[in-house]
>>> print(open('work-v6.txt').read())   # compact mmCIF, C-alpha atoms and all ligand atoms
# COMPACT_ATOMS: atom_id res chain seq x y z
CA MET A 1 10.25 12.44 6.89
CA PRO A 2 9.64 9.69 9.48
CA ALA A 3 8.96 6.27 7.98
CA LEU A 4 5.33 5.43 7.31
CA ILE A 5 4.19 2.02 8.56
CA VAL A 6 1.01 0.76 6.90
CA GLY A 7 -0.77 -2.50 7.76
CA ASN A 8 -2.92 -4.24 5.15
CA TRP A 9 -5.13 -6.76 6.89
CA LYS A 10 -6.40 -8.23 3.60
CA MET A 11 -9.36 -10.63 4.21
CA ASN A 12 -8.56 -11.06 7.90
CA GLY A 13 -10.23 -9.76 11.04
CA LEU A 14 -13.49 -10.23 12.93
CA GLY A 15 -15.00 -8.04 15.60
CA GLU A 16 -12.75 -9.45 18.32
CA ASP A 17 -9.67 -8.32 16.37
CA ILE A 18 -10.60 -4.68 16.84
CA ALA A 19 -8.77 -5.09 20.15
CA GLU A 20 -5.50 -5.20 18.16
CA ILE A 21 -6.19 -1.80 16.61
CA ALA A 22 -7.18 -0.42 20.00
CA ALA A 23 -3.89 -1.74 21.40
CA MET A 24 -1.90 -0.15 18.55
CA ALA A 25 -3.64 3.17 19.13
CA GLY A 26 -3.08 3.03 22.85
CA SER A 27 0.60 2.17 22.99
CA GLY A 28 3.08 3.88 20.78
CA GLY A 29 1.23 3.26 17.54
CA ARG A 30 0.54 6.92 16.82
CA GLY A 31 1.12 7.54 13.14
CA LEU A 32 0.49 3.95 12.04
CA TRP A 33 -1.93 3.39 9.19
CA ILE A 34 -4.17 0.28 9.08
CA ALA A 35 -6.40 -0.97 6.27
CA PRO A 36 -8.77 -3.47 7.90
CA PRO A 37 -11.50 -5.19 5.85
CA PHE A 38 -14.44 -2.96 4.94
CA THR A 39 -16.51 -4.61 7.68
CA LEU A 40 -14.26 -3.31 10.45
CA ILE A 41 -13.53 0.21 9.20
CA ASP A 42 -16.31 1.86 11.16
CA ARG A 43 -15.28 0.28 14.46
CA ALA A 44 -11.58 0.73 13.71
CA VAL A 45 -12.04 4.47 13.21
CA ILE A 46 -13.76 4.69 16.58
CA VAL A 47 -11.22 2.70 18.61
CA SER A 48 -8.22 4.31 16.93
CA ALA A 49 -9.41 7.70 18.17
CA GLY A 50 -7.27 9.52 15.62
CA ALA A 51 -4.00 7.89 16.74
CA VAL A 52 -4.00 5.30 13.95
CA LYS A 53 -5.16 6.31 10.47
CA ILE A 54 -7.72 3.87 9.07
CA GLY A 55 -8.14 3.18 5.36
CA GLY A 56 -9.72 0.91 2.78
CA GLN A 57 -8.04 -1.87 0.82
CA ASP A 58 -9.85 -0.97 -2.40
CA CYS A 59 -12.59 1.28 -3.73
CA HIS A 60 -14.82 1.42 -6.77
CA ALA A 61 -13.99 4.02 -9.41
CA ASN A 62 -17.51 5.44 -9.36
CA GLU A 63 -18.95 7.54 -6.56
CA LYS A 64 -22.22 5.57 -6.40
CA GLY A 65 -24.56 3.54 -8.54
CA ALA A 66 -25.56 0.04 -9.60
CA HIS A 67 -22.45 -1.91 -8.57
CA THR A 68 -23.63 -4.62 -6.22
CA GLY A 69 -21.18 -5.46 -3.48
CA CYS A 70 -18.82 -2.58 -4.20
CA VAL A 71 -17.72 0.28 -1.96
CA SER A 72 -16.94 3.78 -3.20
CA ALA A 73 -14.18 6.09 -2.03
CA ALA A 74 -16.85 8.51 -0.86
CA MET A 75 -18.26 5.76 1.37
CA LEU A 76 -14.83 5.16 2.88
CA ALA A 77 -14.36 8.86 3.54
CA ASP A 78 -17.85 8.99 5.03
CA LEU A 79 -16.79 6.35 7.60
CA GLY A 80 -13.78 8.40 8.61
CA ALA A 81 -11.19 6.55 6.54
CA GLY A 82 -8.19 8.64 5.55
CA PHE A 83 -6.65 6.58 2.78
CA VAL A 84 -7.26 3.81 0.29
CA ILE A 85 -5.02 1.17 -1.24
CA VAL A 86 -5.52 0.66 -4.99
CA GLY A 87 -4.00 -1.78 -7.45
CA HIS A 88 -2.84 -4.39 -4.94
CA SER A 89 -1.49 -7.39 -6.86
CA GLU A 90 -4.03 -9.69 -5.20
CA ARG A 91 -6.82 -7.58 -6.68
CA ARG A 92 -5.08 -7.42 -10.05
CA ARG A 93 -4.85 -11.25 -9.89
CA ASP A 94 -8.22 -12.16 -8.33
CA ASN A 95 -10.35 -9.44 -9.92
CA GLY A 96 -8.61 -8.86 -13.23
CA GLU A 97 -7.85 -5.25 -12.42
CA THR A 98 -6.05 -3.36 -15.16
CA ASP A 99 -3.75 -0.35 -14.97
CA ALA A 100 -6.50 1.84 -16.45
CA GLY A 101 -8.95 0.59 -13.84
CA VAL A 102 -6.44 1.21 -11.06
CA ARG A 103 -5.88 4.74 -12.35
CA ALA A 104 -9.63 5.38 -12.23
CA LYS A 105 -9.72 4.18 -8.63
CA ALA A 106 -6.76 6.38 -7.69
CA ILE A 107 -8.53 9.40 -9.17
CA ALA A 108 -11.72 8.48 -7.31
CA GLY A 109 -9.84 8.13 -4.04
CA LYS A 110 -8.23 11.54 -4.40
CA ALA A 111 -11.54 13.10 -5.37
CA ALA A 112 -13.04 11.78 -2.14
CA GLY A 113 -10.25 13.43 -0.15
CA LEU A 114 -8.38 10.22 0.62
CA GLU A 115 -4.65 9.64 0.37
CA VAL A 116 -4.01 6.94 -2.21
CA ILE A 117 -1.50 4.09 -1.91
CA LEU A 118 -1.00 2.78 -5.43
CA CYS A 119 0.64 -0.67 -5.60
CA ILE A 120 2.93 -1.90 -8.33
CA GLY A 121 5.34 -4.83 -8.60
CA GLU A 122 6.68 -7.55 -10.83
CA THR A 123 6.06 -11.30 -10.72
CA GLN A 124 8.84 -13.84 -10.29
CA GLY A 125 8.67 -14.70 -13.99
CA GLN A 126 8.99 -11.06 -14.97
CA ARG A 127 11.99 -10.57 -12.68
CA ASP A 128 13.65 -13.74 -14.00
CA ALA A 129 13.13 -12.48 -17.55
CA GLY A 130 14.83 -9.18 -16.70
CA GLU A 131 11.59 -7.28 -17.17
CA THR A 132 11.28 -5.70 -13.72
CA GLU A 133 11.90 -2.10 -14.81
CA ALA A 134 9.75 -2.43 -17.93
CA VAL A 135 6.88 -3.79 -15.83
CA LEU A 136 7.17 -1.05 -13.21
CA ALA A 137 7.37 1.63 -15.90
CA ALA A 138 4.30 0.29 -17.67
CA GLN A 139 2.30 0.00 -14.45
CA LEU A 140 3.20 3.57 -13.50
CA GLU A 141 2.49 4.86 -16.98
CA GLY A 142 -0.93 3.23 -17.03
CA SER A 143 -2.10 3.75 -13.48
CA LEU A 144 -0.73 7.04 -12.14
CA PRO A 145 -3.30 9.79 -11.63
CA ASP A 146 -2.75 13.23 -13.17
CA ASP A 147 -0.90 14.78 -10.24
CA ALA A 148 1.24 13.74 -7.30
CA GLU A 149 -0.99 15.26 -4.62
CA ALA A 150 -1.97 12.79 -1.84
CA LEU A 151 -0.20 10.00 -3.71
CA ILE A 152 1.95 7.22 -2.25
CA ILE A 153 3.49 4.39 -4.26
CA ALA A 154 3.95 0.90 -2.81
CA TYR A 155 6.53 -1.30 -4.49
CA GLU A 156 5.46 -4.87 -3.77
CA PRO A 157 7.24 -7.58 -5.73
CA VAL A 158 4.48 -10.17 -6.21
CA TRP A 159 6.87 -13.02 -5.43
CA ALA A 160 7.75 -11.50 -2.05
CA ILE A 161 4.16 -11.24 -0.82
CA GLY A 162 3.33 -13.80 1.86
CA THR A 163 6.31 -15.96 0.90
CA GLY A 164 8.89 -15.04 3.50
CA ARG A 165 11.23 -14.10 0.64
CA THR A 166 12.38 -10.55 0.11
CA PRO A 167 14.55 -8.94 -2.55
CA THR A 168 18.12 -8.11 -1.55
CA LEU A 169 18.62 -4.62 -0.20
CA ASP A 170 20.38 -3.76 -3.48
CA GLU A 171 17.37 -4.97 -5.46
CA VAL A 172 15.04 -2.90 -3.28
CA ALA A 173 17.27 0.14 -3.72
CA ALA A 174 17.40 -0.30 -7.50
CA ALA A 175 13.63 -0.65 -7.82
CA HIS A 176 12.93 2.35 -5.60
CA ARG A 177 15.50 4.47 -7.43
CA PHE A 178 13.89 3.52 -10.74
CA ILE A 179 10.39 4.36 -9.45
CA ARG A 180 11.68 7.73 -8.19
CA GLU A 181 13.12 8.50 -11.64
CA ARG A 182 9.81 7.67 -13.31
CA LEU A 183 7.87 9.80 -10.81
CA ALA A 184 10.23 12.73 -11.39
CA ALA A 185 9.91 12.30 -15.16
CA ARG A 186 6.14 12.30 -14.86
CA PHE A 187 5.53 14.94 -12.18
CA GLY A 188 8.71 17.02 -12.14
CA GLY A 189 9.62 18.39 -8.72
CA ALA A 190 6.42 17.04 -7.18
CA GLY A 191 7.56 13.54 -8.12
CA HIS A 192 10.37 13.87 -5.57
CA GLY A 193 7.84 14.39 -2.79
CA VAL A 194 5.94 11.15 -3.39
CA ARG A 195 6.61 8.61 -0.69
CA ILE A 196 7.58 5.13 -1.89
CA LEU A 197 6.80 2.18 0.41
CA TYR A 198 8.28 -1.30 0.21
CA GLY A 199 5.95 -4.28 0.74
CA GLY A 200 6.41 -8.05 0.75
CA SER A 201 7.27 -10.25 3.75
CA VAL A 202 8.19 -7.34 6.00
CA THR A 203 8.71 -8.52 9.59
CA PRO A 204 10.07 -7.05 12.81
CA ALA A 205 13.35 -8.80 11.95
CA ASN A 206 13.91 -7.22 8.53
CA ALA A 207 12.04 -3.91 8.79
CA GLY A 208 15.00 -1.96 10.16
CA GLU A 209 17.36 -2.78 7.29
CA LEU A 210 14.64 -2.30 4.65
CA LEU A 211 13.75 1.10 6.06
CA ARG A 212 17.37 2.22 5.90
CA VAL A 213 17.48 1.66 2.13
CA ASP A 214 17.63 4.87 0.11
CA GLU A 215 14.21 5.97 -1.20
CA VAL A 216 12.31 3.57 1.08
CA GLY A 217 9.88 5.91 2.84
CA GLY A 218 8.02 3.23 4.74
CA VAL A 219 6.62 -0.27 4.56
CA LEU A 220 3.31 -1.88 3.60
CA VAL A 221 2.89 -4.89 5.84
CA GLY A 222 0.50 -7.82 5.41
CA GLY A 223 0.77 -10.80 7.75
CA ALA A 224 2.93 -9.05 10.33
CA SER A 225 0.37 -6.25 10.72
CA LEU A 226 -2.36 -8.42 12.21
CA THR A 227 -1.29 -8.07 15.82
CA ALA A 228 -0.34 -4.99 17.76
CA GLN A 229 2.72 -6.77 19.13
CA SER A 230 4.15 -7.46 15.71
CA LEU A 231 3.27 -4.14 14.04
CA LEU A 232 4.52 -2.14 17.01
CA ALA A 233 7.80 -4.08 16.79
CA ILE A 234 8.08 -3.00 13.16
CA ALA A 235 7.34 0.58 14.16
CA ALA A 236 10.02 0.35 16.83
CA ALA A 237 12.51 -0.87 14.21
CA ALA A 238 11.74 2.26 12.22
P1 LIG A 301 2.96 -9.81 3.50
O1 LIG A 301 3.58 -8.81 4.41
O2 LIG A 301 2.05 -10.78 4.21
O3 LIG A 301 3.98 -10.46 2.61
O4 LIG A 301 1.98 -8.99 2.52
C1 LIG A 301 2.46 -7.86 1.89
C2 LIG A 301 1.35 -7.16 1.24
O5 LIG A 301 0.79 -7.61 0.26
C3 LIG A 301 0.90 -5.89 1.83
O6 LIG A 301 0.00 -5.22 0.99
>>> encode(input="work-v6.txt", output="structure tokens")
Amino acid sequence: MPALIVGNWKMNGLGEDIAEIAAMAGSGGRGLWIAPPFTLIDRAVIVSAGAVKIGGQDCHANEKGAHTGCVSAAMLADLGAGFVIVGHSERRRDNGETDAGVRAKAIAGKAAGLEVILCIGETQGQRDAGETEAVLAAQLEGSLPDDAEALIIAYEPVWAIGTGRTPTLDEVAAAHRFIRERLAARFGGAGHGVRILYGGSVTPANAGELLRVDEVGGVLVGGASLTAQSLLAIAAAA
């Protein structure tokens, strides 16, 4: 399975930045996935012309209704998005999202025909307290949908996001191995087919070694995904 490189633009990007997605699509970026802000999805789908898969950074758990300011998975699919990220730690932190709420979003995303990237990860305090595996197990237990179809897990240690700090390769390997065990326990054979991404301060300089770690099936990239130059360098490292 070739490595999957996913860019999460977070709350970044105006109309002029569509040129970056066009550049990714035009030069060796085939197979990349980008989650721009909702406001750019429509244009991103058009300029990517199928070469780059476009997705949402979040969705509401309901298909439609009285939820001012929210976007449903069906709306994302309607725009031509192919995937959705759910449970990102910034949403858990800023919007009080719970594991049960994340599970509902994952189910909604799958129901709309999207692939779902479900994010989990421990905080620095939890790692220091030796709770990393307990936290990951609880997040998986509470937020996994009922089957492994169209499911991708992203392991993003909260303390590695946007900090320039990454776990050691051994720590990444241990976390991914643990997640794989939990997925196999939950889904049986299908749990072995779920791709597990690493996220948190991935750059062109460290992507190669991270992607060579056992059970790392790709990377979820924040800051270094904002320009074609940087994301294509990560793709080249893969
Ligand atoms: P950075 O790559 O900026 O650390 O962000 C990682 C992330 O949160 C991707 O979802």
>>> residues_around(input="work-v6.txt", residues="Ala175 in chain A", least_positions_apart="2", cutoff="10 Å", atoms="only C-alpha atoms", output="list in words")
Gly121, Thr132, Glu133, Leu136, Tyr155, Pro157, Pro167, Leu169, Asp170, Glu171, Val172, Ala173, Arg177, Phe178, Ile179, Arg180, Glu181, Tyr198, Glu215 and Val216 of chain A
>>> residues_near_ligand(input="work-v6.txt", ligand="ligand LIG 301 (chain A)", cutoff="9 Å", atoms="only C-alpha atoms and all ligand atoms", output="PyMOL selection string")
chain A and resi 6-10+57+85+88-90+119+154+156-166+198-203+219-225
>>> residues_around(input="work-v6.txt", residues="range 13-17 of chain A", least_positions_apart="3", cutoff="8 Å", atoms="all atoms listed in the file", output="list in words")
Trp9, Glu20, Ile21, Pro36, Pro37 and Leu40 of chain A
>>> closest_residue(input="work-v6.txt", among="A:Gly208, A:Asp147, A:Lys110, A:Thr168", to="Val194 in chain A", atoms="all atoms listed in the file")
A:Asp147
>>> residues_around(input="work-v6.txt", residues="Leu232 in chain A", least_positions_apart="6", cutoff="10 Å", atoms="only C-alpha atoms", output="list in words")
Ile5, Ala23, Met24, Ala25, Ser27, Gly28, Gly29, Arg30, Leu32, Pro204, Ala224, Ser225 and Ala238 of chain A
>>> atom_distance(input="work-v6.txt", atom1="CA of Arg103 in chain A", atom2="CA of Val86 in chain A")
8.4 Å
>>> closest_residue(input="work-v6.txt", among="A:Leu118, A:Ala108, A:Val213, A:Met11", to="Val71 in chain A", atoms="all atoms listed in the file")
A:Ala108
>>> residues_around(input="work-v6.txt", residues="Leu151 in chain A", least_positions_apart="6", cutoff="9 Å", atoms="all atoms listed in the file", output="ChimeraX atom specification")
/A:106,110,115-118,144-145,194-195
>>> atom_distance(input="work-v6.txt", atom1="CA of Ala112 in chain A", atom2="CA of Gly31 in chain A")
21.3 Å
>>> build_atoms(input="work-v6.txt", residues="range 70-82 of chain A", atoms="N, CA, C and O atoms", output="PDB file, in the frame of the given file")
ATOM      1  N   CYS A  70     -20.008  -3.442  -4.132  1.00  0.00           N
ATOM      2  CA  CYS A  70     -18.820  -2.580  -4.200  1.00  0.00           C
ATOM      3  C   CYS A  70     -18.924  -1.420  -3.200  1.00  0.00           C
ATOM      4  O   CYS A  70     -20.001  -1.093  -2.718  1.00  0.00           O
ATOM      5  N   VAL A  71     -17.799  -0.817  -2.923  1.00  0.00           N
ATOM      6  CA  VAL A  71     -17.720   0.280  -1.960  1.00  0.00           C
ATOM      7  C   VAL A  71     -16.985   1.444  -2.625  1.00  0.00           C
ATOM      8  O   VAL A  71     -15.919   1.256  -3.215  1.00  0.00           O
ATOM      9  N   SER A  72     -17.567   2.620  -2.553  1.00  0.00           N
ATOM     10  CA  SER A  72     -16.940   3.780  -3.200  1.00  0.00           C
ATOM     11  C   SER A  72     -15.977   4.488  -2.247  1.00  0.00           C
ATOM     12  O   SER A  72     -16.054   4.332  -1.019  1.00  0.00           O
ATOM     13  N   ALA A  73     -15.120   5.298  -2.846  1.00  0.00           N
ATOM     14  CA  ALA A  73     -14.180   6.090  -2.030  1.00  0.00           C
ATOM     15  C   ALA A  73     -14.942   7.066  -1.146  1.00  0.00           C
ATOM     16  O   ALA A  73     -14.549   7.332  -0.001  1.00  0.00           O
ATOM     17  N   ALA A  74     -16.044   7.588  -1.669  1.00  0.00           N
ATOM     18  CA  ALA A  74     -16.850   8.510  -0.860  1.00  0.00           C
ATOM     19  C   ALA A  74     -17.407   7.808   0.372  1.00  0.00           C
ATOM     20  O   ALA A  74     -17.510   8.408   1.451  1.00  0.00           O
ATOM     21  N   MET A  75     -17.761   6.520   0.211  1.00  0.00           N
ATOM     22  CA  MET A  75     -18.260   5.760   1.370  1.00  0.00           C
ATOM     23  C   MET A  75     -17.169   5.568   2.416  1.00  0.00           C
ATOM     24  O   MET A  75     -17.411   5.642   3.622  1.00  0.00           O
ATOM     25  N   LEU A  76     -15.958   5.308   1.943  1.00  0.00           N
ATOM     26  CA  LEU A  76     -14.830   5.160   2.880  1.00  0.00           C
ATOM     27  C   LEU A  76     -14.604   6.459   3.646  1.00  0.00           C
ATOM     28  O   LEU A  76     -14.460   6.458   4.872  1.00  0.00           O
ATOM     29  N   ALA A  77     -14.588   7.554   2.900  1.00  0.00           N
ATOM     30  CA  ALA A  77     -14.360   8.860   3.540  1.00  0.00           C
ATOM     31  C   ALA A  77     -15.478   9.153   4.539  1.00  0.00           C
ATOM     32  O   ALA A  77     -15.236   9.689   5.629  1.00  0.00           O
ATOM     33  N   ASP A  78     -16.690   8.761   4.170  1.00  0.00           N
ATOM     34  CA  ASP A  78     -17.850   8.990   5.030  1.00  0.00           C
ATOM     35  C   ASP A  78     -17.712   8.262   6.377  1.00  0.00           C
ATOM     36  O   ASP A  78     -18.204   8.718   7.409  1.00  0.00           O
ATOM     37  N   LEU A  79     -16.998   7.126   6.366  1.00  0.00           N
ATOM     38  CA  LEU A  79     -16.790   6.350   7.600  1.00  0.00           C
ATOM     39  C   LEU A  79     -15.657   6.924   8.449  1.00  0.00           C
ATOM     40  O   LEU A  79     -15.418   6.459   9.557  1.00  0.00           O
ATOM     41  N   GLY A  80     -14.915   7.856   7.870  1.00  0.00           N
ATOM     42  CA  GLY A  80     -13.780   8.400   8.610  1.00  0.00           C
ATOM     43  C   GLY A  80     -12.449   7.829   8.175  1.00  0.00           C
ATOM     44  O   GLY A  80     -11.425   8.058   8.817  1.00  0.00           O
ATOM     45  N   ALA A  81     -12.453   7.057   7.076  1.00  0.00           N
ATOM     46  CA  ALA A  81     -11.190   6.550   6.540  1.00  0.00           C
ATOM     47  C   ALA A  81     -10.380   7.714   5.989  1.00  0.00           C
ATOM     48  O   ALA A  81     -10.943   8.702   5.506  1.00  0.00           O
ATOM     49  N   GLY A  82      -9.058   7.573   6.034  1.00  0.00           N
ATOM     50  CA  GLY A  82      -8.190   8.640   5.550  1.00  0.00           C
ATOM     51  C   GLY A  82      -7.405   8.274   4.317  1.00  0.00           C
ATOM     52  O   GLY A  82      -6.755   9.125   3.717  1.00  0.00           O
TER      53      GLY A  82
END
